[in-house]
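K.L.:
Mind looking over this structure? Questions follow.
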Amino acid sequence: MTDMSMNNAQSEKSAARVRLAQRIALRFGLYALLIVFALYYLMPLFVMVTTSLKSLDEIRTGSLLSLPRELDFSSWATAWSSACTGIQCEGLRPFFWNSVLLSVPAVFLSTLLGAVNGYVLAQWRFKGSNVLFALMLFGCFIPFQVVILPMAMTLGVLKIAGTIGGLVFVHVVYGIGFTTLFFRNYYVTVPQELVKAAKVDGAGFFRIFFSIFLPISPPIIVVTVIWQFTQIWNDFLFGVSFSQAGTQPITVALNNIVNSTTGVKEYNVDMAAAIIAALPTLFVYVVAGKYFIRGLTAGSVKG
Amino acid sequence: MTEWLEKHVPKMVLAPSFIAIFVFVYGFIGWTAYVSFTRSKLLPKYDLKGTIQYERLADSPRFEVALTNLAIFGILFILFATVIGLALAILLDQKIRTEGPLRTIYLYPMALSFIVTGTAWKWILNPGLGIESVMHDLGWTDFAFNWLVDPKLAIYTIVIAGVWQSSGFVMALFLAGLRSVDNEVIRAAMVDGVSTPRIYMSIIIPSMAPIFLSAFIVLSHLAIKSFDLVIALTGGGPGYATDMPATFMYAMAFSRGDIGQAASSATVMMIIVTAIIVPYLYSELRPRHD
């Protein structure tokens with residue numbers, strides 16, 4: 001009797017040990033898989049950085065995945081200030097500033113308009129306001145090819161074709177849909193009784209906006225600013241369609257550097273230029289990733 | 001007077017944005033659709049000439065290639081991005097201690113411009129100096145990877161880069177969905193001794209149907225609009241082997257000076273997007289009775 005129970009206890013113990021070993025093996029496999037995926041996502045960034053630090057000679061003779069023998073930052077200098085983007089050879093610098101000059105006002109204006117629009121559509125509904133919202137929302141999803149031709153003509157008529165102001169205008173017009181969506185979905189969670197009570201107290205439309213809604217808005221403002229900045233900085237279609245030699249944004253200039261066919265192909269300069277073009281949005285992503293993800297998922301997950 | 005003003009202020013605030021969208025979205029769509037029924041070439045003409053532009057599109061081998069490419073790219077891109085995204089979300093949902101950093105790594109490509117992604121992958125897939133030479137160095141000397149310059153295979157390089165860029169985003173969508181699954185049901189199933197894979201297969205994944213739909217909408221939308229990535233990675237080439245409707249339209253508008261073909265191909269894109277988006281928006285915005 002005692003023998004049997006002892007045997008039982010022992011076999012239970014060894015079974016538990018087997019289960020533990022299984023669980024450890026499973027955890028190990030899980031982490032291994034996750035790390036493999038991490039390497040897959042990091043590989044292109046790794047290749048870009050290492051290639052940008054190698055000399056052309058080392059690129060031709062060495063391996064894609066090897067570390068640079070010595071750190072050579074000259075490609076970065078070339079990409080920033082002397083690489084050729086067509087006939088012009090001033091590097092990315094002027095185009096970087098074009099993109100800054102373009103995105104700052106465009107982000108500011110589209111966020112501002114989105115905030116007041118969202119406020120109206122969430123808290124001051126009127127007959128037909130939901131239809132208006134649906135129509136604005138649909139505007140977010142159109143393929144922009146369908147508006148490029150008439151927009152090019154309109155910019156010409158308005159005499160802002162090929163200017164940074166023209167690009168700001170385009171980005172604001174086609175950004176309003178998303179910014180309105182963000183603010184509307186945020187403000188809609190505020191109980192309507194609050195607005196009603198404020199109205200009874202004699203507060204008007206703007207007073208309620210500035211004293212109740214604006215103070216609770218920082219999180220959604222951050223989400224919207226990050227979303228708009230990423231969209232506008234990374235835009236290529238509008239940039240390539242509506243800019244001219246001196247006003248191109250950085251994505252267009254990067255594409256021109258990479259695809260310019262004159263002279264020796266300088267892969268290291270291409271990679272340095274790509275990293276420079278990516279740095280501002282990557283920086284925003286690293287310092288405010290939480291808000292970036294919230295923006296990405298805001299439009300697509302039912303709230 | 002002030003009362004009237006007070007009553008109409010909300011509408012007046014909304015008016016400029018709405019007028020802008022009415023003109024620059026709907027008016028412009030109308031303009032493009034109208035012009036697609038004219039004989040416009042270098043300059044827009046406004047007398048209607050029937051469906052001649054669409055007949056030309058139908059006869060154009062280049063547009064046929066563009067539509068075929070969109071189908072190949074769209075299907076593979078949506079499939080792989082969804083599968084990888086879902087797999088990553090499930091793996092990350094196993095109480096992983098380093099979830100935060102890993103998530104950051106999986107998602108960072110989404111912060112990059114497609115032009116940057118295209119530039120990077122163009123270099124990695126470079127026949128000769130890219131992956132090919134890595135394999136040669138590893139001892140696999142007859143390994144050949146020249147998809148970028150092979151007209152039949154170049155379209156798949158765009159799938160590779162596109163999936164790399166967007167699968168992390170799909171992961172974020174699914175992860176948000178996994179976190180909102182009812183824990184009680186799962187706990188009850190675990191108490192009943194149901195195995196973890198079965199819990200996923202028969203409880204969790206089916207409950208995420210709306211997320212599958214969202215992911216499909218976002219990805220198909222990205223696929224139809226894909227322009228930057230094609231330009232940066234293959235430039236539509238070799239020849240026009242990797243053309244897509246978006247690059248076809250751009251080429252017609254800005255290098256061929258064929259406004260009629262540009263407008264009609266843009267209209268075709270618009271129809272495809274509308275067919276996907278309108279039912280989705282309708283179901284999302286419909287008042288819910290729960």
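Ordering of the structure tokens sets the chain letters (A, B, ...); residue numbers start at 1 within each chain; ligands are numbered from 1 in the order shown.
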Residues within 12 Å of Lys265 of chain A, please, as a PDB file with C-alpha atoms, in the first residue's frame. Count only C-alpha atoms; anything in the same chain fewer than 5 positions from it doesn't count.

P.N.:
```
ATOM      1  CA  LEU A  56      32.343  51.602 -52.623  1.00  0.00           C
ATOM      2  CA  ASP A  57      35.304  49.266 -52.859  1.00  0.00           C
ATOM      3  CA  ILE A  59      30.699  47.183 -51.027  1.00  0.00           C
ATOM      4  CA  ARG A  60      31.833  45.564 -54.277  1.00  0.00           C
ATOM      5  CA  ALA A  83      24.694  64.181 -54.241  1.00  0.00           C
ATOM      6  CA  CYS A  84      23.038  64.847 -57.602  1.00  0.00           C
ATOM      7  CA  ILE A 257      19.315  60.447 -56.251  1.00  0.00           C
ATOM      8  CA  VAL A 258      18.774  56.698 -56.351  1.00  0.00           C
ATOM      9  CA  ASN A 259      17.612  56.640 -59.958  1.00  0.00           C
ATOM     10  CA  SER A 260      19.978  59.203 -61.431  1.00  0.00           C
ATOM     11  CA  ASP A 270      21.858  55.998 -51.763  1.00  0.00           C
ATOM     12  CA  MET A 271      21.577  54.278 -48.393  1.00  0.00           C
TER      13      MET A 271
ATOM     14  CA  TRP B 123      19.730  47.275 -52.854  1.00  0.00           C
TER      15      TRP B 123
END
```

K.L.:
Residues near segment 185-190 of chain A, anyone? I mean within 7 Å using only C-alpha atoms, not counting same-chain ones fewer than 6 positions away, as a list in words.

P.N.:
Tyr119, Ala122 and Gln123 of chain A

K.L.:
Please identify all residues of chain B having at least one atom at most 6 Å from any atom of chain A, considering only C-alpha atoms, and return them as a list in words.

P.N.:
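Close to chain A, chain B has Pro10, Leu14, Phe28, Ile29, Ala111, Leu112, Ser113, Val116, Gly130, Val134, Ser214, Lys225 and Ala266 of chain B.
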
K.L.:
Running DSSP on the backbone, which parts of segment 15-172 of chain A land in helix (DSSP H, G or I), as a VMD selection string?

P.N.:
chain A and resid 15 to 52 56 to 61 74 to 81 93 to 123 129 to 141 145 to 157 164 to 172
